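What follows is the content of data.cif (mmCIF, C-alpha atoms and all ligand atoms).
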```
data_target
#
loop_
_atom_site.label_atom_id
_atom_site.label_comp_id
_atom_site.auth_asym_id
_atom_site.auth_seq_id
_atom_site.Cartn_x
_atom_site.Cartn_y
_atom_site.Cartn_z
CA MET A 14 -60.98 21.19 -40.95
CA ASP A 15 -63.20 18.16 -40.96
CA ALA A 16 -65.56 16.60 -38.45
CA SER A 17 -62.79 14.43 -36.98
CA PHE A 18 -60.98 17.57 -35.75
CA PHE A 19 -64.05 18.87 -33.92
CA LYS A 20 -64.98 15.41 -32.64
CA GLY A 21 -61.44 15.00 -31.29
CA ASN A 22 -61.74 18.32 -29.48
CA ARG A 23 -65.00 17.22 -27.82
CA GLU A 24 -63.38 13.97 -26.74
CA LYS A 25 -60.46 15.84 -25.18
CA PHE A 26 -62.87 18.14 -23.37
CA SER A 27 -65.02 15.22 -22.16
CA ASN A 28 -61.93 13.57 -20.69
CA LEU A 29 -61.36 16.68 -18.56
CA ILE A 30 -64.75 16.75 -16.83
CA GLU A 31 -65.83 14.51 -13.96
CA ASP A 32 -68.48 11.87 -14.14
CA GLY A 33 -71.88 13.29 -13.29
CA SER A 34 -71.29 16.52 -15.26
CA VAL A 35 -73.27 18.33 -17.93
CA ALA A 36 -71.53 20.94 -20.07
CA VAL A 37 -73.25 23.53 -22.23
CA PHE A 38 -71.76 25.68 -24.99
CA MET A 39 -73.66 28.30 -27.00
CA SER A 40 -72.85 29.65 -30.45
CA GLY A 41 -74.19 33.09 -29.51
CA ASN A 42 -76.40 35.72 -31.11
CA PRO A 43 -75.64 38.80 -33.20
CA LEU A 44 -75.48 42.17 -31.49
CA ARG A 45 -77.99 44.83 -32.45
CA ARG A 46 -76.32 47.62 -34.41
CA SER A 47 -79.07 50.22 -34.79
CA GLY A 48 -82.81 50.09 -35.41
CA ASP A 49 -83.59 46.68 -36.87
CA GLN A 50 -80.03 46.12 -38.13
CA PHE A 51 -77.56 43.70 -36.57
CA PHE A 52 -73.77 43.42 -36.69
CA PRO A 53 -72.55 40.45 -38.71
CA PHE A 54 -72.72 37.35 -36.53
CA GLU A 55 -69.44 36.20 -34.93
CA VAL A 56 -69.57 32.68 -33.57
CA ASP A 57 -68.34 32.00 -30.05
CA ARG A 58 -64.89 30.55 -30.59
CA ASN A 59 -65.08 27.80 -27.95
CA PHE A 60 -68.33 26.61 -29.52
CA TYR A 61 -66.70 26.68 -32.95
CA TYR A 62 -63.64 24.75 -31.68
CA LEU A 63 -65.95 21.99 -30.43
CA THR A 64 -68.36 21.84 -33.40
CA GLY A 65 -67.09 23.68 -36.53
CA LEU A 66 -70.56 25.28 -36.77
CA ASP A 67 -70.84 29.03 -37.18
CA GLU A 68 -74.57 29.76 -37.00
CA GLN A 69 -76.37 31.68 -34.32
CA ASN A 70 -78.51 30.27 -31.55
CA LEU A 71 -77.12 26.70 -31.47
CA VAL A 72 -76.36 24.85 -28.23
CA LEU A 73 -74.02 21.93 -27.65
CA VAL A 74 -74.63 19.79 -24.56
CA ILE A 75 -72.22 17.12 -23.34
CA ALA A 76 -73.43 14.90 -20.50
CA LYS A 77 -70.98 12.49 -18.88
CA LYS A 78 -72.11 9.53 -16.77
CA ASP A 79 -70.43 6.21 -15.95
CA GLY A 80 -67.43 7.27 -18.01
CA VAL A 81 -69.49 7.78 -21.17
CA ALA A 82 -70.03 11.22 -22.72
CA GLU A 83 -73.25 11.75 -24.68
CA GLU A 84 -73.37 14.77 -26.94
CA SER A 85 -76.38 16.56 -28.39
CA LEU A 86 -76.80 19.62 -30.52
CA TYR A 87 -79.91 21.80 -30.21
CA LEU A 88 -81.14 23.80 -33.19
CA PRO A 89 -83.78 26.55 -32.91
CA PRO A 90 -87.19 25.52 -34.27
CA LEU A 91 -87.56 26.13 -38.02
CA ASN A 92 -89.18 29.43 -38.88
CA GLU A 93 -90.44 29.69 -42.46
CA ARG A 94 -90.79 33.46 -42.36
CA MET A 95 -87.16 33.89 -41.24
CA GLU A 96 -86.01 31.45 -43.91
CA ARG A 97 -87.72 33.59 -46.56
CA SER A 98 -85.72 36.58 -45.28
CA ASN A 99 -82.39 35.02 -44.44
CA GLY A 100 -82.17 31.84 -46.49
CA PRO A 101 -82.40 28.25 -45.37
CA ALA A 102 -81.48 27.49 -41.76
CA LEU A 103 -78.97 24.81 -40.85
CA ARG A 104 -80.51 21.33 -41.14
CA PRO A 105 -79.67 18.43 -38.78
CA SER A 106 -77.91 16.41 -41.49
CA GLU A 107 -75.63 19.36 -42.35
CA ALA A 108 -74.93 20.02 -38.68
CA SER A 109 -73.99 16.36 -38.17
CA GLY A 110 -71.80 16.33 -41.26
CA ILE A 111 -69.78 19.37 -40.15
CA SER A 112 -69.54 18.62 -36.44
CA GLY A 113 -69.78 14.84 -36.23
CA VAL A 114 -72.46 15.17 -33.50
CA GLN A 115 -75.01 12.45 -34.25
CA GLU A 116 -77.87 13.62 -32.06
CA VAL A 117 -79.23 16.87 -33.46
CA ILE A 118 -82.58 18.03 -32.08
CA TYR A 119 -84.95 20.91 -32.80
CA THR A 120 -85.96 21.91 -29.31
CA SER A 121 -85.20 24.05 -26.33
CA TYR A 122 -82.16 22.72 -24.51
CA GLU A 123 -83.00 24.32 -21.14
CA GLN A 124 -85.56 21.77 -20.02
CA GLN A 125 -83.37 18.92 -21.17
CA ILE A 126 -80.47 20.20 -19.04
CA ILE A 127 -82.68 20.71 -16.03
CA ASP A 128 -84.11 17.22 -16.54
CA TYR A 129 -80.57 15.80 -16.74
CA LEU A 130 -79.57 17.51 -13.54
CA ALA A 131 -82.75 16.58 -11.70
CA SER A 132 -82.67 13.04 -13.00
CA GLY A 133 -82.48 9.85 -11.28
CA SER A 134 -81.92 8.10 -8.14
CA GLY A 135 -78.86 9.41 -6.44
CA ARG A 136 -78.84 12.53 -8.61
CA ALA A 137 -76.59 11.22 -11.34
CA PHE A 138 -75.63 14.69 -12.50
CA GLN A 139 -74.27 17.16 -9.99
CA ARG A 140 -72.26 19.64 -11.98
CA LEU A 141 -73.08 22.02 -14.79
CA TYR A 142 -70.09 23.31 -16.76
CA CYS A 143 -70.98 26.63 -18.37
CA ASP A 144 -68.90 28.72 -20.67
CA TYR A 145 -69.68 32.10 -19.20
CA LEU A 146 -67.52 35.04 -20.08
CA THR A 147 -65.10 36.33 -17.53
CA TYR A 148 -66.05 39.94 -18.29
CA PRO A 149 -69.37 40.52 -16.46
CA ASN A 150 -70.46 43.32 -18.79
CA LEU A 151 -70.20 41.03 -21.83
CA GLU A 152 -72.18 38.26 -20.20
CA ASN A 153 -74.62 36.17 -22.20
CA PRO A 154 -78.17 36.83 -20.85
CA GLN A 155 -79.45 33.49 -22.20
CA LEU A 156 -76.83 31.63 -20.18
CA LEU A 157 -77.44 33.69 -17.04
CA ALA A 158 -81.17 32.86 -17.28
CA LEU A 159 -80.36 29.15 -17.54
CA ILE A 160 -78.06 29.28 -14.52
CA ASN A 161 -80.67 31.14 -12.44
CA ASN A 162 -83.41 28.76 -13.45
CA LEU A 163 -81.19 25.84 -12.58
CA ARG A 164 -80.27 27.22 -9.19
CA ASN A 165 -83.98 27.18 -8.36
CA SER A 166 -84.80 23.75 -9.76
CA CYS A 167 -81.62 21.84 -8.83
CA PRO A 168 -80.06 23.68 -5.88
CA TYR A 169 -77.58 20.85 -5.23
CA ALA A 170 -75.96 21.21 -8.68
CA THR A 171 -72.69 23.14 -8.81
CA VAL A 172 -71.99 25.55 -11.65
CA LYS A 173 -68.40 25.31 -12.90
CA TYR A 174 -66.43 27.22 -15.54
CA ALA A 175 -65.99 25.28 -18.79
CA GLY A 176 -64.01 27.99 -20.58
CA SER A 177 -60.69 27.42 -18.85
CA LEU A 178 -60.71 23.72 -19.83
CA VAL A 179 -61.27 24.56 -23.51
CA HIS A 180 -58.69 27.34 -23.32
CA GLY A 181 -56.05 24.89 -22.11
CA LEU A 182 -56.77 22.73 -25.19
CA ARG A 183 -56.86 25.67 -27.60
CA TYR A 184 -53.49 26.94 -26.35
CA LEU A 185 -51.73 23.97 -28.00
CA LYS A 186 -52.31 24.03 -31.74
CA GLN A 187 -52.87 20.92 -33.83
CA PRO A 188 -51.48 20.56 -37.38
CA ALA A 189 -54.77 21.64 -39.04
CA GLU A 190 -54.84 24.80 -36.94
CA ILE A 191 -51.24 25.65 -37.80
CA GLU A 192 -52.11 25.22 -41.50
CA ALA A 193 -55.07 27.60 -41.10
CA ILE A 194 -52.78 30.22 -39.50
CA ARG A 195 -50.28 29.76 -42.38
CA SER A 196 -53.12 30.43 -44.85
CA ALA A 197 -54.16 33.54 -42.93
CA ILE A 198 -50.55 34.74 -43.02
CA ALA A 199 -50.27 34.08 -46.78
CA LEU A 200 -53.39 36.23 -47.36
CA THR A 201 -52.01 38.95 -45.09
CA ALA A 202 -48.70 38.89 -46.99
CA GLU A 203 -50.58 39.38 -50.26
CA GLY A 204 -52.47 42.35 -48.83
CA LEU A 205 -49.27 43.94 -47.52
CA ARG A 206 -47.53 43.50 -50.88
CA ASN A 207 -50.40 45.31 -52.56
CA ALA A 208 -50.31 48.13 -50.00
CA LEU A 209 -46.53 48.50 -50.33
CA ALA A 210 -46.73 48.58 -54.14
CA ASN A 211 -49.11 51.57 -53.91
CA LEU A 212 -47.57 53.39 -50.94
CA ALA A 213 -45.51 55.90 -52.88
CA HIS A 214 -48.61 57.24 -54.69
CA GLY A 215 -49.42 59.54 -51.78
CA ARG A 216 -52.55 57.99 -50.32
CA PRO A 217 -54.51 58.77 -47.17
CA GLU A 218 -54.63 56.05 -44.52
CA TYR A 219 -58.13 54.88 -45.47
CA GLN A 220 -56.99 54.19 -49.04
CA ILE A 221 -53.86 52.37 -47.86
CA LYS A 222 -56.21 50.26 -45.74
CA ALA A 223 -58.29 49.54 -48.87
CA ASP A 224 -55.10 48.55 -50.76
CA PHE A 225 -54.28 46.08 -47.98
CA GLU A 226 -57.77 44.62 -47.65
CA ASP A 227 -58.71 44.41 -51.33
CA PRO A 228 -56.80 41.20 -52.30
CA ILE A 229 -58.09 39.47 -49.16
CA ILE A 230 -61.73 40.43 -49.74
CA ARG A 231 -61.40 39.32 -53.36
CA ARG A 232 -60.48 35.88 -52.04
CA ASN A 233 -63.61 35.89 -49.90
CA HIS A 234 -61.76 36.09 -46.60
CA GLY A 235 -62.22 38.35 -43.60
CA PHE A 236 -60.05 39.85 -40.90
CA GLY A 237 -59.16 38.76 -37.39
CA PHE A 238 -59.31 42.36 -36.13
CA ALA A 239 -59.85 45.89 -37.41
CA THR A 240 -57.06 46.88 -39.81
CA ILE A 241 -54.62 49.43 -38.37
CA VAL A 242 -52.88 51.78 -40.82
CA ALA A 243 -51.17 54.67 -39.06
CA ALA A 244 -49.04 57.29 -40.82
CA GLY A 245 -46.65 59.78 -39.22
CA LEU A 246 -47.52 60.73 -35.64
CA ASN A 247 -50.52 58.38 -35.74
CA SER A 248 -48.05 55.47 -35.70
CA THR A 249 -47.41 56.25 -32.02
CA VAL A 250 -51.06 55.34 -31.22
CA LEU A 251 -51.22 51.58 -30.79
CA HIS A 252 -54.72 50.92 -32.16
CA HIS A 253 -55.14 53.92 -34.47
CA SER A 254 -58.18 53.68 -36.80
CA PRO A 255 -57.21 54.61 -40.37
CA GLY A 256 -58.42 58.12 -41.18
CA THR A 257 -57.90 60.83 -43.74
CA TYR A 258 -54.30 61.70 -42.87
CA GLN A 259 -52.18 61.53 -46.00
CA GLY A 260 -48.65 60.47 -45.10
CA SER A 261 -46.07 62.96 -46.33
CA THR A 262 -42.66 62.17 -47.77
CA GLY A 263 -40.74 61.82 -44.51
CA ASP A 264 -43.38 59.71 -42.74
CA LEU A 265 -43.41 56.11 -41.72
CA VAL A 266 -46.60 54.09 -42.15
CA LEU A 267 -47.28 51.43 -39.54
CA PHE A 268 -49.51 48.49 -40.50
CA ASP A 269 -50.92 46.12 -37.87
CA VAL A 270 -53.06 43.73 -39.85
CA GLY A 271 -54.36 40.18 -40.09
CA ALA A 272 -56.62 38.20 -42.38
CA HIS A 273 -58.32 35.13 -41.02
CA SER A 274 -58.81 31.68 -42.48
CA SER A 275 -61.35 29.26 -40.96
CA TYR A 276 -61.47 31.92 -38.20
CA TYR A 277 -57.74 31.47 -37.42
CA SER A 278 -56.11 34.88 -37.45
CA ALA A 279 -52.78 36.23 -38.60
CA ASP A 280 -51.36 39.23 -36.70
CA ILE A 281 -48.56 41.06 -38.51
CA SER A 282 -47.07 44.52 -38.04
CA ARG A 283 -44.75 46.22 -40.48
CA THR A 284 -43.45 49.79 -40.62
CA TYR A 285 -42.56 51.19 -44.04
CA PRO A 286 -41.30 54.65 -45.16
CA VAL A 287 -43.68 56.50 -47.52
CA SER A 288 -40.75 57.75 -49.59
CA GLY A 289 -39.05 54.35 -49.77
CA LYS A 290 -36.10 55.56 -47.66
CA PHE A 291 -35.75 55.64 -43.87
CA SER A 292 -34.31 58.83 -42.34
CA ASP A 293 -31.26 58.39 -40.07
CA LYS A 294 -33.37 58.57 -36.90
CA GLN A 295 -35.99 56.20 -38.29
CA ARG A 296 -33.28 53.78 -39.38
CA LEU A 297 -31.68 53.84 -35.92
CA VAL A 298 -34.97 53.10 -34.15
CA TYR A 299 -35.99 50.50 -36.74
CA GLU A 300 -32.70 48.64 -36.23
CA ILE A 301 -33.12 48.69 -32.44
CA VAL A 302 -36.61 47.20 -32.76
CA LEU A 303 -35.54 44.59 -35.31
CA ASN A 304 -32.53 43.54 -33.19
CA SER A 305 -34.76 43.27 -30.16
CA GLN A 306 -37.10 41.01 -32.15
CA LYS A 307 -34.14 38.78 -33.10
CA GLU A 308 -32.93 38.55 -29.48
CA CYS A 309 -36.41 37.64 -28.26
CA LEU A 310 -36.79 35.04 -30.98
CA ALA A 311 -33.60 33.29 -29.83
CA MET A 312 -35.19 32.58 -26.42
CA MET A 313 -38.60 31.39 -27.64
CA LYS A 314 -38.69 27.68 -26.97
CA PRO A 315 -40.56 25.26 -24.69
CA GLY A 316 -40.17 26.24 -21.04
CA ALA A 317 -39.65 30.00 -21.56
CA THR A 318 -42.43 32.14 -20.07
CA LEU A 319 -44.45 34.63 -22.11
CA ALA A 320 -43.52 37.28 -19.56
CA SER A 321 -39.79 36.61 -19.97
CA VAL A 322 -40.01 37.32 -23.70
CA SER A 323 -41.48 40.77 -22.99
CA GLU A 324 -38.88 41.37 -20.31
CA THR A 325 -36.11 40.61 -22.82
CA ALA A 326 -37.60 43.17 -25.23
CA ARG A 327 -37.74 45.76 -22.43
CA LEU A 328 -34.11 45.14 -21.46
CA CYS A 329 -32.98 45.35 -25.12
CA ALA A 330 -34.80 48.67 -25.45
CA ILE A 331 -33.12 50.05 -22.30
CA ARG A 332 -29.68 48.90 -23.44
CA ASP A 333 -29.90 50.19 -27.02
CA LEU A 334 -31.74 53.45 -26.31
CA LYS A 335 -29.18 54.28 -23.63
CA SER A 336 -26.17 53.41 -25.77
CA SER A 337 -27.59 55.57 -28.59
CA GLY A 338 -28.00 58.50 -26.19
CA ILE A 339 -31.82 58.60 -26.67
CA ILE A 340 -32.55 58.00 -22.98
CA SER A 341 -30.25 58.41 -20.01
CA SER A 342 -31.95 56.29 -17.30
CA ASP A 343 -33.68 52.88 -17.26
CA ALA A 344 -36.93 54.43 -16.03
CA GLU A 345 -37.19 56.61 -19.14
CA VAL A 346 -37.79 53.55 -21.30
CA THR A 347 -41.49 53.61 -20.40
CA LYS A 348 -41.88 56.76 -22.53
CA HIS A 349 -41.10 54.69 -25.62
CA TYR A 350 -41.77 51.05 -24.69
CA TYR A 351 -45.57 50.83 -24.17
CA HIS A 352 -46.64 47.20 -24.49
CA GLY A 353 -45.75 43.54 -24.02
CA VAL A 354 -44.47 41.72 -27.06
CA CYS A 355 -46.00 38.26 -27.02
CA HIS A 356 -49.55 36.87 -27.01
CA PRO A 357 -51.03 33.57 -28.19
CA LEU A 358 -52.64 33.60 -31.63
CA GLY A 359 -55.44 31.40 -32.96
CA LEU A 360 -59.23 31.58 -33.19
CA ASN A 361 -58.93 34.91 -31.39
CA THR A 362 -56.23 37.37 -32.35
CA HIS A 363 -55.45 37.72 -28.67
CA ASP A 364 -55.96 34.03 -28.18
CA VAL A 365 -56.78 32.12 -25.04
CA MET A 366 -54.28 30.53 -22.72
CA PRO A 367 -54.44 28.22 -19.73
CA GLY A 368 -55.41 29.85 -16.46
CA GLY A 369 -53.16 29.96 -13.44
CA GLY A 370 -49.77 31.50 -12.87
CA GLU A 371 -46.92 31.85 -15.31
CA ILE A 372 -47.71 30.91 -18.88
CA LEU A 373 -45.03 28.71 -20.39
CA LEU A 374 -44.29 28.35 -24.07
CA ALA A 375 -44.68 24.76 -25.22
CA GLU A 376 -44.45 22.78 -28.45
CA GLY A 377 -47.50 23.65 -30.57
CA VAL A 378 -48.08 27.13 -29.14
CA VAL A 379 -48.40 29.87 -31.76
CA CYS A 380 -47.76 33.38 -30.51
CA THR A 381 -46.83 36.78 -31.80
CA LEU A 382 -43.53 38.55 -31.31
CA GLU A 383 -44.11 42.29 -31.61
CA PRO A 384 -41.59 44.70 -30.15
CA GLY A 385 -42.35 48.36 -30.74
CA LEU A 386 -40.86 51.72 -29.75
CA TYR A 387 -42.70 55.03 -30.06
CA PHE A 388 -41.41 58.61 -30.31
CA PRO A 389 -44.25 61.15 -30.43
CA GLN A 390 -41.69 64.00 -30.27
CA TRP A 391 -40.17 62.76 -33.56
CA GLY A 392 -43.55 61.93 -35.16
CA PHE A 393 -43.11 58.19 -35.56
CA GLY A 394 -43.26 54.78 -33.97
CA VAL A 395 -41.95 51.43 -35.18
CA ARG A 396 -43.53 48.04 -34.53
CA ILE A 397 -42.45 44.78 -36.14
CA GLU A 398 -44.69 41.79 -35.50
CA ASP A 399 -44.34 38.20 -36.69
CA ASP A 400 -46.17 35.00 -35.82
CA VAL A 401 -44.08 32.23 -34.28
CA LEU A 402 -44.72 28.50 -33.82
CA ILE A 403 -42.96 26.94 -30.84
CA THR A 404 -41.39 23.64 -31.89
CA ARG A 405 -39.90 20.78 -29.86
CA ASP A 406 -36.60 22.55 -29.27
CA GLY A 407 -37.01 26.07 -30.64
CA ASN A 408 -39.35 27.90 -32.94
CA GLU A 409 -40.36 28.55 -36.53
CA VAL A 410 -41.29 32.01 -37.77
CA LEU A 411 -44.50 31.46 -39.76
CA SER A 412 -44.30 34.79 -41.60
CA PRO A 413 -40.78 34.84 -43.15
CA GLN A 414 -42.10 35.91 -46.58
CA ILE A 415 -43.14 39.36 -45.34
CA ILE A 416 -40.08 41.55 -45.78
CA LYS A 417 -38.71 43.44 -42.79
CA GLU A 418 -34.96 43.99 -43.33
CA ILE A 419 -34.27 47.66 -44.15
CA ALA A 420 -32.44 46.82 -47.39
CA ASP A 421 -35.31 44.61 -48.59
CA ILE A 422 -37.88 47.33 -47.86
CA GLU A 423 -35.88 50.09 -49.54
CA ASN A 424 -35.11 47.89 -52.55
CA SER A 425 -38.77 47.10 -53.04
CA PHE A 426 -39.67 50.71 -53.91
N1 LIG B 1 -53.19 43.65 -33.55
C1 LIG B 1 -53.24 43.67 -32.14
C2 LIG B 1 -51.99 43.20 -31.56
O1 LIG B 1 -50.97 43.20 -32.21
O2 LIG B 1 -51.92 42.72 -30.47
MN MN B 2 -50.92 43.15 -34.25
MN MN B 3 -50.36 41.15 -31.71
#
```

Let's see the structure in the file written out as structure tokens.
Amino acid sequence: MDASFFKGNREKFSNLIEDGSVAVFMSGNPLRRSGDQFFPFEVDRNFYYLTGLDEQNLVLVIAKKDGVAEESLYLPPLNERMERSNGPALRPSEASGISGVQEVIYTSYEQQIIDYLASGSGRAFQRLYCDYLTYPNLENPQLLALINNLRNSCPYATVKYAGSLVHGLRYLKQPAEIEAIRSAIALTAEGLRNALANLAHGRPEYQIKADFEDPIIRRNHGFGFATIVAAGLNSTVLHHSPGTYQGSTGDLVLFDVGAHSSYYSADISRTYPVSGKFSDKQRLVYEIVLNSQKECLAMMKPGATLASVSETARLCAIRDLKSSGIISSDAEVTKHYYHGVCHPLGLNTHDVMPGGGEILLAEGVVCTLEPGLYFPQWGFGVRIEDDVLITRDGNEVLSPQIIKEIADIENSF
């Protein structure tokens, strides 16, 4: 993605805010892991969407007055000692080249924002758009300090939520974003092929995970979320962390995995038999899940709601589990049907969506389709998850190369 993509995103955002507004976005800081060690830095995804920059402690400010939006990027002051430890810090010319923001300044942004908001005859700026998190316990202390400081110095300024405006934009993917998701899916497909090729060797979950991740790491890519490899009974736990359990001959292994590319994530689930052959019960459940996925897919087009896709999966499960004699009442389905089947996919694996009531599918939305049914009493669960682009009058499955028909899986062993 080049600077024009990020510049275009800032323009779209600026068009959504009123005159007399200042908006601030922060790239974030790494979390402390233990002692003097930190977790690898993960850039705030709204900040990334607006700048393409993925370094810590950067601040983007957009100030809109008389219909004109001025944008500035604030870098932390250079620190030679830190550069000796961590390598050269981002320089203004690099930051401009990646983001397209022309004004890049080494200074504290707080005073500048307070000066903006306090400025001028008639108080030209009255609103501060902040991208605070909606989960209070994950709040950004730096941002809270700014808001408190501002409430004291400019009590007439209103603090508004910037996140929902960016989320509305991020919900509809542009061609470059769809390409990034396709790349993430291609990497994920390669990892799954490698895992499948080694499955019959009798490996514990943590080694199957390594088989999946190895080709992706070798291409210098990372993962949108922690790899899930769950064998046997563990496949009935939705977010099982791969452990030492070594799948035995009759087990299924459930993968829920996704590489990322330019921070755009894939999210794919597949369920494969360790022995290369499904048992009769496993085959029956697998077919019910796969048919449910096909029925849901048929309704995924602009205007359908996300909730209606999950409801279709629930109704398919009730119908097919009852007709197979596995359950006898509708209410019993909740023992086996545990989760919704559709979420947006993008810079976050569980990506953002517009606020408000019902969420409608629309052209350019990318979402997952992931029906699953779980049977702890039989020691297995099945989930099949693909990534789907909503098109003008229907959809395109973005992950068709990752095999999921029973015959294709059994023939690949
Ligand atoms: N991998 C998490 C999910 O499928 O939603
Ligand atoms: Mn998943
Ligand atoms: Mn998912």

- Could you list, as an NGL selection string, all the residues within 12 Å of ligand LIG 1 (chain B), counting all atoms listed in the file? :A and (236-242 or 250-254 or 267-272 or 278-283 or 352-358 or 361-364 or 380-385 or 396-400)

- Message: Residues within 7 Å of (-45.1, 32.3, -22.7), file coordinates, counting all atoms listed in the file: what are they? Give the list as an MDAnalysis selection string.
- Response: chainID A and resid 317:320 372:374

Write out, as an mmCIF file, keeping the file's coordinate frame, the residues just selected, with C-alpha atoms.
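Wrote selection_19.cif, looks like this:
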```cif
data_model
loop_
_atom_site.group_PDB
_atom_site.id
_atom_site.type_symbol
_atom_site.label_atom_id
_atom_site.label_comp_id
_atom_site.auth_asym_id
_atom_site.auth_seq_id
_atom_site.Cartn_x
_atom_site.Cartn_y
_atom_site.Cartn_z
ATOM 1 C CA ALA A 317 -39.650 30.000 -21.560
ATOM 2 C CA THR A 318 -42.430 32.140 -20.070
ATOM 3 C CA LEU A 319 -44.450 34.630 -22.110
ATOM 4 C CA ALA A 320 -43.520 37.280 -19.560
ATOM 5 C CA ILE A 372 -47.710 30.910 -18.880
ATOM 6 C CA LEU A 373 -45.030 28.710 -20.390
ATOM 7 C CA LEU A 374 -44.290 28.350 -24.070
#
```

Contact residues around stretch 178-192 of chain A with all atoms listed in the file at 6 Å, ignoring same-chain residues under 5 positions, as a PDB file with C-alpha atoms, in the frame of the given file:
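Saved file out_20.pdb follows:
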```
ATOM      1  CA  VAL A 365     -56.780  32.120 -25.040  1.00  0.00           C
ATOM      2  CA  MET A 366     -54.280  30.530 -22.720  1.00  0.00           C
ATOM      3  CA  PRO A 367     -54.440  28.220 -19.730  1.00  0.00           C
ATOM      4  CA  GLY A 377     -47.500  23.650 -30.570  1.00  0.00           C
ATOM      5  CA  VAL A 378     -48.080  27.130 -29.140  1.00  0.00           C
TER       6      VAL A 378
END
```

- Message: Between atom CA of A:Val74 and atom CA of A:Glu123, what distance in Å does the model show, to one decimal?
- Response: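 Answer for the atom CA of A:Val74 to atom CA of A:Glu123 separation: 10.1 Å.
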
Around the point (-59.3, 58.8, -49.6) in the file's coordinates, collect all residues with an atom within 10 Å, using all atoms listed in the file, and return them as a tab-separated table (two decimals) with C-alpha atoms, in the frame of the given file.
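Below is the file that was written, part.tsv:
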```
chain	number	residue	atom	x	y	z
A	216	ARG	CA	-52.55	57.99	-50.32
A	217	PRO	CA	-54.51	58.77	-47.17
A	218	GLU	CA	-54.63	56.05	-44.52
A	219	TYR	CA	-58.13	54.88	-45.47
A	220	GLN	CA	-56.99	54.19	-49.04
A	221	ILE	CA	-53.86	52.37	-47.86
A	222	LYS	CA	-56.21	50.26	-45.74
A	223	ALA	CA	-58.29	49.54	-48.87
A	256	GLY	CA	-58.42	58.12	-41.18
A	257	THR	CA	-57.90	60.83	-43.74
A	258	TYR	CA	-54.30	61.70	-42.87
A	259	GLN	CA	-52.18	61.53	-46.00
```

- Task: Could you jot down the atom CA of A:Gly338 to atom CA of A:Cys309 separation for me, Å, one decimal place?
- Result: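 For atom CA of A:Gly338 relative to atom CA of A:Cys309, the distance reads 22.6 Å.
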
- Message: Can you measure atom CA of A:Thr120 to atom CA of A:Leu88 for me? One decimal in Å is fine.
- Response: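 Separation of atom CA of A:Thr120 and atom CA of A:Leu88: 6.5 Å.
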
Around all listed atoms of stretch 333-346 of chain A, padded 4 Å per side, what centre and edge lengths does the axis-aligned box have in Å to one decimal, as lines of an AutoDock Vina configuration file?
```
center_x = -32.0
center_y = 54.4
center_z = -22.3
size_x = 19.6
size_y = 16.4
size_z = 20.6
```
